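Trainee: What follows is work.cif; its format and atoms are mmCIF, C-alpha atoms.
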data_structure
#
loop_
_atom_site.label_atom_id
_atom_site.label_comp_id
_atom_site.auth_asym_id
_atom_site.auth_seq_id
_atom_site.Cartn_x
_atom_site.Cartn_y
_atom_site.Cartn_z
CA MET A 28 -40.28 94.26 92.84
CA ARG A 29 -37.56 96.86 93.16
CA LYS A 30 -34.15 95.79 94.53
CA SER A 31 -32.83 97.48 97.63
CA ALA A 32 -29.81 99.70 97.07
CA PHE A 33 -28.13 97.89 99.99
CA PRO A 34 -28.11 94.05 99.49
CA VAL A 35 -28.36 92.09 102.76
CA GLY A 36 -25.13 90.36 103.97
CA ARG A 37 -22.45 92.58 102.46
CA GLU A 38 -20.36 92.05 105.61
CA ALA A 39 -20.69 88.27 105.38
CA TRP A 40 -17.08 87.82 104.30
CA LEU A 41 -15.83 89.87 107.23
CA THR A 42 -17.99 87.93 109.67
CA LEU A 43 -16.88 84.64 108.16
CA GLY A 44 -13.24 85.64 108.50
CA LEU A 45 -13.69 86.56 112.17
CA VAL A 46 -15.49 83.28 112.83
CA LEU A 47 -12.68 81.33 111.18
CA VAL A 48 -10.09 83.09 113.33
CA LEU A 49 -12.07 82.33 116.49
CA VAL A 50 -12.53 78.69 115.48
CA ALA A 51 -8.84 78.32 114.67
CA THR A 52 -7.93 79.86 118.03
CA ALA A 53 -10.29 77.52 119.87
CA VAL A 54 -8.96 74.48 118.02
CA ALA A 55 -5.37 75.49 118.71
CA GLY A 56 -6.17 76.07 122.39
CA PHE A 57 -7.84 72.68 122.66
CA TYR A 58 -4.95 70.97 120.86
CA PHE A 59 -2.25 72.46 123.05
CA THR A 60 -4.09 72.08 126.37
CA ARG A 61 -5.86 68.74 126.02
CA ALA A 62 -4.53 65.76 127.96
CA THR A 63 -2.55 63.16 126.04
CA THR A 64 -3.97 59.69 126.68
CA LEU A 65 -1.50 56.81 126.33
CA THR A 66 -2.23 53.10 126.36
CA LEU A 67 -0.13 51.16 128.90
CA ALA A 68 0.27 47.37 128.74
CA VAL A 69 0.87 45.93 132.23
CA ALA A 70 2.02 42.46 133.30
CA PRO A 71 2.53 39.93 134.82
CA ASN A 72 -0.56 38.76 136.68
CA GLY A 73 0.18 38.69 140.39
CA GLY A 74 3.28 40.88 140.05
CA THR A 75 3.87 44.20 141.74
CA GLU A 76 4.23 46.10 138.47
CA PRO A 77 0.52 46.16 137.53
CA ASP A 78 -0.42 47.45 141.01
CA LEU A 79 2.25 50.14 140.82
CA LEU A 80 1.23 51.38 137.39
CA ARG A 81 -2.49 51.31 138.16
CA ALA A 82 -1.76 53.48 141.18
CA TYR A 83 0.33 55.75 138.93
CA ALA A 84 -2.52 56.05 136.40
CA GLY A 85 -4.92 56.88 139.22
CA GLU A 86 -2.62 59.56 140.60
CA LEU A 87 -2.26 61.13 137.15
CA ALA A 88 -6.03 61.27 136.83
CA ARG A 89 -6.45 62.70 140.33
CA ARG A 90 -3.96 65.48 139.66
CA LYS A 91 -5.39 66.12 136.16
CA THR A 92 -1.99 66.16 134.52
CA GLY A 93 -1.37 66.63 130.81
CA VAL A 94 -0.76 62.89 130.40
CA GLN A 95 -3.34 60.23 131.23
CA LEU A 96 -3.00 56.43 131.04
CA ARG A 97 -5.36 53.73 129.84
CA ILE A 98 -4.42 50.33 131.26
CA LEU A 99 -4.40 47.08 129.28
CA ASP A 100 -3.87 43.92 131.34
CA PHE A 101 -1.84 40.97 130.04
CA PRO A 102 -1.03 37.66 131.75
CA GLY A 103 2.72 37.85 131.13
CA VAL A 104 5.51 40.15 130.04
CA ARG A 105 5.84 38.35 126.71
CA GLU A 106 2.33 39.49 125.81
CA SER A 107 2.82 43.04 127.05
CA ALA A 108 6.03 43.33 125.02
CA GLU A 109 4.16 42.10 121.96
CA ALA A 110 1.48 44.75 122.49
CA LEU A 111 4.18 47.43 122.39
CA ARG A 112 5.84 45.89 119.32
CA THR A 113 2.59 45.73 117.33
CA GLY A 114 1.47 49.24 118.27
CA LYS A 115 -1.44 48.21 120.49
CA ALA A 116 0.21 50.05 123.37
CA ASP A 117 2.27 53.23 123.69
CA LEU A 118 3.92 52.07 126.92
CA ALA A 119 4.50 48.60 128.33
CA VAL A 120 6.05 46.64 131.16
CA VAL A 121 8.92 44.73 129.58
CA ARG A 122 11.35 42.20 130.95
CA PRO A 123 14.19 42.20 128.39
CA ASP A 124 15.48 38.67 129.07
CA VAL A 125 12.00 37.27 128.28
CA ALA A 126 10.91 39.39 125.31
CA MET A 127 12.42 42.59 123.97
CA PRO A 128 10.33 44.60 121.46
CA GLY A 129 12.45 46.10 118.71
CA ASN A 130 10.70 49.47 119.01
CA GLY A 131 10.97 49.66 122.80
CA LEU A 132 13.06 52.31 124.59
CA THR A 133 13.44 52.49 128.37
CA LEU A 134 11.83 55.22 130.44
CA ALA A 135 12.49 53.80 133.91
CA ILE A 136 13.41 50.62 135.72
CA LEU A 137 10.43 49.56 137.78
CA ARG A 138 12.31 46.80 139.59
CA GLU A 139 15.77 45.24 139.36
CA LEU A 140 15.95 41.48 139.85
CA ALA A 141 18.79 39.43 141.28
CA ALA A 142 19.09 35.70 140.61
CA PHE A 143 20.48 33.71 143.55
CA ALA A 144 19.81 30.59 145.57
CA ALA A 145 19.35 30.29 149.33
CA ALA A 146 19.97 27.06 151.24
CA PRO A 147 20.43 26.09 154.88
CA ALA A 148 24.17 26.26 155.58
CA GLY A 149 24.28 22.60 156.68
CA PHE A 150 23.19 21.36 153.25
CA GLY A 151 26.66 21.97 151.78
CA ILE A 152 25.54 24.21 148.91
CA GLY A 153 27.97 27.06 148.31
CA SER A 154 27.99 27.44 144.52
CA ILE A 155 25.90 26.55 141.48
CA PRO A 156 27.83 23.29 140.77
CA ASP A 157 26.92 22.18 144.32
CA LEU A 158 23.28 22.02 143.16
CA ALA A 159 24.06 18.89 141.12
CA GLY A 160 21.71 16.10 142.14
CA LYS A 161 19.65 18.48 144.28
CA ARG A 162 16.04 19.67 144.29
CA LEU A 163 15.72 23.40 143.69
CA GLY A 164 12.50 25.10 144.69
CA MET A 165 11.10 28.08 142.77
CA LEU A 166 7.90 30.07 143.04
CA ALA A 167 5.21 28.45 140.94
CA SER A 168 3.81 31.77 139.64
CA ARG A 169 7.11 32.90 138.14
CA ASP A 170 7.12 31.31 134.69
CA ALA A 171 9.34 34.12 133.42
CA ASP A 172 12.06 33.06 135.89
CA ARG A 173 12.22 29.51 134.61
CA THR A 174 14.16 30.35 131.42
CA LEU A 175 16.73 32.40 133.32
CA LEU A 176 17.32 29.63 135.87
CA ARG A 177 17.67 27.05 133.11
CA ASP A 178 20.26 29.16 131.30
CA LEU A 179 22.33 29.67 134.44
CA LEU A 180 22.21 25.97 135.38
CA THR A 181 23.02 24.81 131.85
CA ARG A 182 26.04 27.13 131.72
CA ASP A 183 27.58 25.17 134.61
CA GLY A 184 26.86 21.83 132.95
CA LEU A 185 23.72 20.99 134.91
CA GLU A 186 20.57 19.64 133.32
CA PRO A 187 17.38 21.25 134.69
CA LEU A 188 14.51 18.79 135.10
CA THR A 189 10.84 19.66 135.45
CA GLU A 190 9.52 16.12 135.94
CA ALA A 191 10.52 14.22 139.09
CA PRO A 192 12.56 11.10 138.19
CA ASN A 193 11.92 7.64 139.62
CA GLY A 194 14.44 7.60 142.41
CA PRO A 195 17.12 10.17 143.25
CA VAL A 196 17.96 13.11 141.02
CA PRO A 197 20.75 12.21 138.52
CA PRO A 198 24.21 13.49 139.53
CA GLN A 199 24.44 16.13 136.77
CA ALA A 200 20.82 17.28 136.97
CA VAL A 201 18.79 19.68 139.07
CA LEU A 202 15.09 19.15 139.67
CA LEU A 203 13.05 22.36 139.54
CA VAL A 204 10.21 22.14 142.04
CA PRO A 205 7.44 24.79 141.75
CA LEU A 206 6.06 25.92 145.12
CA GLU A 207 3.72 28.43 146.61
CA GLU A 208 5.36 30.88 149.00
CA ALA A 209 3.46 29.49 151.99
CA ASP A 210 4.79 25.95 151.33
CA VAL A 211 8.53 26.74 151.34
CA THR A 212 9.20 25.91 155.01
CA ALA A 213 7.25 22.64 154.81
CA ALA A 214 9.05 21.68 151.57
CA PHE A 215 12.42 21.94 153.34
CA GLY A 216 11.07 19.95 156.27
CA ASP A 217 9.84 16.97 154.23
CA GLY A 218 12.82 16.93 151.86
CA ARG A 219 11.02 18.06 148.73
CA ILE A 220 13.68 20.76 148.15
CA ASP A 221 17.31 21.32 149.15
CA ALA A 222 17.54 24.99 148.18
CA MET A 223 15.29 27.82 147.10
CA ALA A 224 15.90 29.79 143.88
CA LEU A 225 15.02 33.46 143.99
CA VAL A 226 14.73 35.83 141.06
CA THR A 227 13.55 38.89 142.90
CA THR A 228 14.35 42.36 144.13
CA PRO A 229 16.47 41.72 147.25
CA THR A 230 15.31 44.88 149.00
CA LEU A 231 11.59 44.09 148.87
CA PRO A 232 9.73 42.44 151.78
CA ALA A 233 8.96 39.37 149.66
CA ALA A 234 12.67 38.57 149.35
CA ARG A 235 13.15 38.93 153.09
CA ARG A 236 10.23 36.59 153.73
CA LEU A 237 11.63 33.88 151.47
CA VAL A 238 15.08 34.08 153.02
CA GLY A 239 13.39 33.92 156.42
CA PHE A 240 11.67 30.65 155.41
CA VAL A 241 15.05 29.19 154.47
CA ARG A 242 16.53 30.32 157.78
CA ALA A 243 13.67 28.67 159.64
CA ALA A 244 14.55 25.40 157.92
CA SER A 245 18.21 25.60 159.01
CA GLU A 246 19.15 23.83 162.23
CA ASP A 247 21.49 26.60 163.36
CA GLY A 248 19.68 29.46 161.62
CA THR A 249 22.47 30.12 159.11
CA VAL A 250 21.84 30.48 155.41
CA ALA A 251 24.15 30.24 152.40
CA LEU A 252 23.40 32.59 149.49
CA VAL A 253 24.66 31.38 146.11
CA GLY A 254 25.20 33.93 143.34
CA VAL A 255 26.81 33.94 139.89
CA PRO A 256 30.38 35.18 140.35
CA ASP A 257 31.42 35.28 136.67
CA THR A 258 29.10 38.13 135.83
CA ALA A 259 31.18 39.51 132.95
CA ALA A 260 31.16 36.15 131.15
CA VAL A 261 27.44 35.69 131.73
CA LEU A 262 26.62 39.19 130.41
CA ALA A 263 28.77 38.59 127.35
CA ARG A 264 26.64 35.54 126.60
CA TRP A 265 23.27 37.03 127.57
CA PRO A 266 23.59 40.81 127.07
CA ARG A 267 20.02 41.53 128.13
CA LEU A 268 20.86 40.58 131.70
CA GLN A 269 22.64 42.89 134.10
CA SER A 270 25.13 42.73 136.90
CA VAL A 271 23.66 42.87 140.43
CA THR A 272 25.22 42.86 143.89
CA VAL A 273 23.38 41.72 147.01
CA PRO A 274 25.04 43.82 149.74
CA ALA A 275 26.40 42.21 152.89
CA GLY A 276 24.03 42.35 155.85
CA LEU A 277 20.96 43.08 153.71
CA PHE A 278 18.80 40.33 155.28
CA SER A 279 20.27 40.34 158.77
CA GLY A 280 22.81 42.33 160.76
CA ASN A 281 23.55 39.82 163.55
CA PRO A 282 24.72 37.50 162.23
CA ARG A 283 25.29 39.29 158.95
CA LEU A 284 23.39 37.76 156.06
CA PRO A 285 24.97 37.61 153.64
CA ALA A 286 28.32 37.78 155.36
CA GLU A 287 29.86 39.38 152.26
CA ASP A 288 28.61 41.04 149.10
CA VAL A 289 27.14 38.47 146.72
CA ALA A 290 27.86 39.14 143.05
CA THR A 291 25.30 37.77 140.65
CA VAL A 292 23.31 38.57 137.56
CA GLY A 293 19.68 39.43 137.10
CA SER A 294 17.12 41.12 134.95
CA SER A 295 14.68 43.98 135.35
CA TYR A 296 11.11 44.99 134.82
CA ARG A 297 11.18 48.15 132.76
CA LEU A 298 8.67 50.74 131.72
CA MET A 299 9.29 51.09 128.01
CA ALA A 300 7.82 53.41 125.40
CA ARG A 301 7.57 53.04 121.66
CA ALA A 302 10.48 54.74 119.93
CA SER A 303 8.13 57.04 118.00
CA LEU A 304 6.64 58.57 121.17
CA SER A 305 7.51 62.26 121.24
CA ARG A 306 10.36 63.34 123.49
CA SER A 307 8.21 65.83 125.37
CA VAL A 308 5.54 63.26 126.22
CA ALA A 309 8.12 60.63 127.19
CA ALA A 310 9.86 63.18 129.43
CA GLU A 311 6.55 64.11 131.07
CA VAL A 312 5.65 60.46 131.77
CA THR A 313 9.08 59.87 133.31
CA GLN A 314 8.99 63.07 135.34
CA HIS A 315 5.57 62.38 136.85
CA LEU A 316 6.54 58.80 137.70
CA PHE A 317 9.56 59.84 139.76
CA GLU A 318 7.90 62.90 141.27
CA MET A 319 4.97 60.77 142.44
CA ARG A 320 7.12 57.92 143.76
CA ALA A 321 6.75 58.94 147.40
CA ALA A 322 2.96 59.23 147.09
CA LEU A 323 2.74 55.88 145.30
CA ALA A 324 4.90 54.16 147.93
CA GLU A 325 2.27 54.88 150.58
CA THR A 326 -0.06 52.36 148.96
CA VAL A 327 2.33 50.29 146.79
CA PRO A 328 5.67 49.62 148.58
CA ALA A 329 7.16 48.40 145.27
CA ALA A 330 7.42 52.06 144.25
CA GLU A 331 10.51 52.28 146.46
CA ALA A 332 12.33 49.99 144.00
CA LEU A 333 11.79 52.44 141.14
CA THR A 334 15.08 53.68 139.69
CA TYR A 335 16.62 55.06 136.52
CA PRO A 336 18.87 53.13 134.13
CA ALA A 337 22.53 53.84 134.76
CA TYR A 338 24.56 55.42 131.95
CA GLU A 339 27.64 57.58 131.61
CA ASP A 340 26.67 59.99 128.86
CA THR A 341 23.98 60.54 126.26
CA ALA A 342 25.81 58.54 123.61
CA ASP A 343 26.13 55.62 126.00
CA ALA A 344 22.43 55.83 126.88
CA THR A 345 21.18 55.82 123.30
CA THR A 346 23.56 53.14 121.97
CA ALA A 347 23.33 50.65 124.82
CA ARG A 348 21.94 47.15 124.29
CA LEU A 349 18.89 48.38 126.18
CA PRO A 350 18.71 52.00 124.95
CA ILE A 351 16.97 54.78 126.84
CA HIS A 352 14.30 56.97 125.27
CA PRO A 353 15.66 60.46 124.41
CA GLY A 354 12.71 62.00 126.28
CA ALA A 355 13.68 60.16 129.47
CA ILE A 356 17.28 61.35 129.01
CA ASP A 357 15.94 64.92 128.73
CA TYR A 358 14.35 64.49 132.15
CA TYR A 359 17.36 62.81 133.75
CA GLU A 360 19.67 65.55 132.48
CA ARG A 361 17.16 68.33 133.20
CA GLU A 362 17.03 69.37 129.55
CA GLN A 363 13.30 69.13 128.99
CA GLU A 364 11.87 71.35 126.30
CA THR A 365 9.94 74.44 127.33
CA PHE A 366 6.50 75.12 125.90
CA ILE A 367 8.01 77.56 123.39
CA GLU A 368 10.67 75.07 122.30
CA ARG A 369 8.16 72.24 122.04
CA TYR A 370 5.73 74.13 119.83
CA GLU A 371 8.12 76.60 118.21
CA SER A 372 7.26 75.58 114.64
CA TRP A 373 3.53 75.68 115.36
CA ILE A 374 3.81 79.10 116.97
CA TYR A 375 5.66 80.50 113.96
CA LEU A 376 3.12 78.95 111.60
CA VAL A 377 0.17 80.32 113.57
CA ALA A 378 1.82 83.75 113.71
CA ILE A 379 2.36 83.77 109.94
CA LEU A 380 -1.13 82.52 109.19
CA GLY A 381 -2.62 84.88 111.77
CA GLY A 382 -0.86 87.83 110.17
CA GLY A 383 -2.16 86.80 106.77
CA VAL A 384 -5.71 86.37 108.09
CA CYS A 385 -5.61 89.76 109.84
CA SER A 386 -4.35 91.44 106.66
CA THR A 387 -7.12 89.77 104.67
CA ILE A 388 -9.74 90.87 107.18
CA ALA A 389 -8.44 94.46 107.09
CA TRP A 390 -8.58 94.43 103.28
CA LEU A 391 -12.12 93.04 103.37
CA ARG A 392 -13.22 95.72 105.80
CA GLN A 393 -11.72 98.41 103.60
CA ARG A 394 -13.29 96.89 100.50
CA LEU A 395 -16.71 96.52 102.12
CA GLY A 396 -16.53 100.09 103.41
CA ARG A 397 -15.81 101.33 99.91
CA ILE A 398 -18.72 99.29 98.55
CA ARG A 399 -21.04 100.75 101.17
CA ARG A 400 -19.96 104.28 100.29
CA GLN A 401 -20.53 103.54 96.62
CA ARG A 402 -24.01 102.23 97.40
CA ILE A 403 -24.92 105.43 99.23
CA GLU A 404 -23.51 107.49 96.39
CA VAL A 405 -25.53 105.45 93.88
CA ALA A 406 -28.69 105.89 95.98
CA THR A 407 -28.08 109.64 96.27
CA THR A 408 -27.51 109.94 92.53
CA ARG A 409 -30.71 107.99 91.90
CA LEU A 410 -32.66 110.32 94.22
CA LEU A 411 -31.40 113.33 92.32
CA ALA A 412 -32.39 111.68 89.03
CA LEU A 413 -35.87 110.94 90.40
CA ARG A 414 -36.18 114.60 91.43
CA SER A 415 -35.38 115.69 87.89
CA THR A 416 -37.88 113.20 86.48
CA ALA A 417 -40.59 114.31 88.90
CA ARG A 418 -40.23 117.95 87.80
CA ARG A 419 -41.19 117.00 84.25
CA GLU A 420 -43.71 114.28 85.05
CA THR A 421 -47.45 114.97 84.64
CA ASP A 422 -48.85 111.46 85.03
CA ARG A 423 -50.19 110.85 88.54
CA ASP A 424 -49.45 107.10 88.52
CA ARG A 425 -45.85 107.71 87.56
CA LEU A 426 -45.49 110.30 90.28
CA ASP A 427 -46.82 107.76 92.77
CA ALA A 428 -44.23 105.22 91.54
CA ILE A 429 -41.45 107.84 91.90
CA ALA A 430 -42.65 108.64 95.43
CA ALA A 431 -42.63 104.95 96.33
CA GLU A 432 -39.08 104.49 95.02
CA VAL A 433 -37.94 107.57 96.95
CA ASP A 434 -39.43 106.02 100.12
CA ASP A 435 -37.63 102.72 99.43
CA LEU A 436 -34.31 104.47 98.93
CA ALA A 437 -34.84 106.54 102.09
CA ALA A 438 -35.65 103.39 104.09
CA SER A 439 -32.53 101.63 102.81
CA ILE A 440 -30.34 104.60 103.70
CA ALA A 441 -31.94 104.75 107.17
CA ARG A 442 -31.31 101.04 107.79
CA HIS A 443 -27.73 101.46 106.74
CA ALA A 444 -27.26 104.47 109.05
CA LEU A 445 -28.65 102.48 111.99
CA ASN A 446 -26.59 99.31 111.43
CA ARG A 447 -23.25 100.59 110.13
CA PRO A 448 -20.96 103.55 110.71
CA THR A 449 -21.64 106.14 108.00
CA GLU A 450 -19.62 109.16 107.01
CA PRO A 451 -21.51 112.35 107.95
CA ARG A 452 -20.77 113.91 104.53
CA LEU A 453 -22.42 111.03 102.66
CA LEU A 454 -25.35 110.81 105.07
CA GLY A 455 -25.92 114.57 104.85
CA ALA A 456 -25.91 114.51 101.05
CA ALA A 457 -28.34 111.58 101.01
CA THR A 458 -30.67 113.37 103.45
CA VAL A 459 -30.72 116.51 101.30
CA ALA A 460 -31.42 114.40 98.19
CA ILE A 461 -34.32 112.62 99.93
CA GLU A 462 -35.92 115.91 101.03
CA ALA A 463 -35.40 117.47 97.60
CA ALA A 464 -36.94 114.49 95.79
CA ARG A 465 -39.96 114.36 98.08
CA SER A 466 -40.48 118.12 97.85
CA THR A 467 -40.36 117.99 94.05
CA VAL A 468 -42.83 115.06 93.96
CA ARG A 469 -45.26 116.94 96.22
CA ARG A 470 -45.09 120.09 94.10
CA ALA A 471 -45.56 118.10 90.90
CA ALA A 472 -48.58 116.33 92.37
CA THR A 473 -50.24 119.64 93.27
CA ARG A 474 -49.62 121.46 90.03
CA PRO A 475 -52.79 122.87 88.41
CA ASP A 476 -52.21 120.82 85.27
CA GLN A 477 -52.49 117.49 87.27
CA PRO A 478 -55.69 115.55 86.57
CA ALA A 479 -58.16 115.21 89.38
CA CYS A 480 -58.28 111.97 91.37
#
As structure tokens, what does this structure read like?

Mentor:
Amino acid sequence: MRKSAFPVGREAWLTLGLVLVLVATAVAGFYFTRATTLTLAVAPNGGTEPDLLRAYAGELARRKTGVQLRILDFPGVRESAEALRTGKADLAVVRPDVAMPGNGLTLAILRELAAFAAAPAGFGIGSIPDLAGKRLGMLASRDADRTLLRDLLTRDGLEPLTEAPNGPVPPQAVLLVPLEEADVTAAFGDGRIDAMALVTTPTLPAARRLVGFVRAASEDGTVALVGVPDTAAVLARWPRLQSVTVPAGLFSGNPRLPAEDVATVGSSYRLMARASLSRSVAAEVTQHLFEMRAALAETVPAAEALTYPAYEDTADATTARLPIHPGAIDYYEREQETFIERYESWIYLVAILGGGVCSTIAWLRQRLGRIRRQRIEVATTRLLALRSTARRETDRDRLDAIAAEVDDLAASIARHALNRPTEPRLLGAATVAIEAARSTVRRAATRPDQPAC
């Protein structure tokens, strides 16, 4: 079987190169436009933080933003902090005074907590030492608050008890009595508690409700709020706490409650990210959270308590005991990276590789074009050689073989002319050679000296 003068697939390399460029472009487009999905560890059970962040994740999905969240539920903030520390989560709700992951950096403060006690004014409780020998109620669901209350009581020489003693509470002890919110008023009425400890956000409705229960238990409706005045000393001892002020008149304007600002300490629930999370993604998460705060507050009032960590300058923010993620700082200082800045290195790399690929493709096209021209020239030369052979040939079978080869060469040239651009000069020369070869074969076949069929 004779080989065609034009092997099939000579442009395969060119086609392959174009396909590779298209695939690389599609992959790059997918990479730069796909949504980034982050895992978020939420806690504690029954707290406002899980509801807020679930609503946030839902809003991100509804708006089809470039960042999406996958929620992991944990019973307490100790477990959510551990998930961030071990890499099971990219983001987590963290309460620093309970558990602080070493790789955690703050994006936002979900809620600031103030630690204070509220007691009917007639009970004679005006400071922490006045709680000696008293029964201090606390919400049963707040296990994370127990450690903080114990530390503050112990600092003033009081021994916190969790088991009720036989008889009255010892003079230098305080009995911690866990209660449900609905039982606070009754607990004051039957003498189970003398004061109520609150570790909460003072501005939220829950805090107002609890203070209202204490007021209902007071004969004259007055309430004493007990804070921690030596905040600097407390923060020096427990640096993961923070200074908080309960403003005068927050719970009531007439009479004012509290009558004056109450200085105390507290903690916070923070949205933290792993330190290795890219600045651009951290900035985007922070930006969306604050931009969506108003929408989130319509369904989750706790969104109103969302705030940013206070700092004076970038150095202060990144070297604080509770450092802030550089991406969050970019958002707070309006220095977020643009698309070009974010992917500058990738853009340069793609441009360099793209230039190289284009140059290679151009070279391949030039090379393949030269090969095609050579093939036509070879076919034309072969046709001319067959013409010369046919002029001298007397054997009918050989003339038939020459005619068949001429037909094959003509068919190959025709296919090439139909499928690929061909220079008119080459195509014209090939056409003349085909006609000349066929004419010579016909004349040779009809010469008188040819044997009869």

Trainee: Find the distance between CA of Ala213 (chain A) and CA of Ile152 (chain A) and write it in Å to one decimal.

Mentor: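 Spanning CA of Ala213 (chain A) to CA of Ile152 (chain A) is a straight-line distance of 19.3 Å.
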
Trainee: Can you list, as number ranges by chain, the residues that the PyMOL selection byres ((chain A and resi 336) around 7) selects here?

Mentor: A: 135-136, 334-335, 337-338

Trainee: Decode the PyMOL selection byres ((chain A and resi 70-86) around 7) for the given file into explicit residues and return them as number ranges by chain.

Mentor: A: 68-69, 87-90, 95-96, 100-104, 107, 120, 323, 327, 329-330

Trainee: The PyMOL selection byres ((chain A and resi 263-275) around 7) on the file shown: which residues, as a ChimeraX atom specification?

Mentor: /A:123-124,141,229,258-262,276-277,283-294

Trainee: Those residues with C-alpha atoms, as a compact mmCIF listing (two decimals), in the frame of the given file please?

Mentor:
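Output (selection12.txt):
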# COMPACT_ATOMS: atom_id res chain seq x y z
CA PRO A 123 14.19 42.20 128.39
CA ASP A 124 15.48 38.67 129.07
CA ALA A 141 18.79 39.43 141.28
CA PRO A 229 16.47 41.72 147.25
CA THR A 258 29.10 38.13 135.83
CA ALA A 259 31.18 39.51 132.95
CA ALA A 260 31.16 36.15 131.15
CA VAL A 261 27.44 35.69 131.73
CA LEU A 262 26.62 39.19 130.41
CA GLY A 276 24.03 42.35 155.85
CA LEU A 277 20.96 43.08 153.71
CA ARG A 283 25.29 39.29 158.95
CA LEU A 284 23.39 37.76 156.06
CA PRO A 285 24.97 37.61 153.64
CA ALA A 286 28.32 37.78 155.36
CA GLU A 287 29.86 39.38 152.26
CA ASP A 288 28.61 41.04 149.10
CA VAL A 289 27.14 38.47 146.72
CA ALA A 290 27.86 39.14 143.05
CA THR A 291 25.30 37.77 140.65
CA VAL A 292 23.31 38.57 137.56
CA GLY A 293 19.68 39.43 137.10
CA SER A 294 17.12 41.12 134.95

Trainee: Hey, can you check how far CA of Pro282 (chain A) sits from CA of Pro205 (chain A)?

Mentor: 29.7 Å

Trainee: Rounded to one decimal, what separation in Å do you get between CA of Arg138 (chain A) and CA of Thr228 (chain A)?

Mentor: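 So the answer is 6.7 Å.
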
Trainee: As a list in words, please: the residues near His315 (chain A) (cut-off 10 Å, only C-alpha atoms, same-chain neighbours under 2 positions excluded).

Mentor: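 So the residues in contact are Tyr83, Glu86, Leu87, Thr92, Val94, Ala310, Glu311, Val312, Thr313, Phe317, Glu318, Met319 and Arg320 of chain A.
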
Trainee: Under the rule that all atoms listed in the file are counted, which of A:Ala430, A:Val250, A:Val255, A:Ala116 is the nearest residue to Asp178 (chain A)?

Mentor: A:Val255
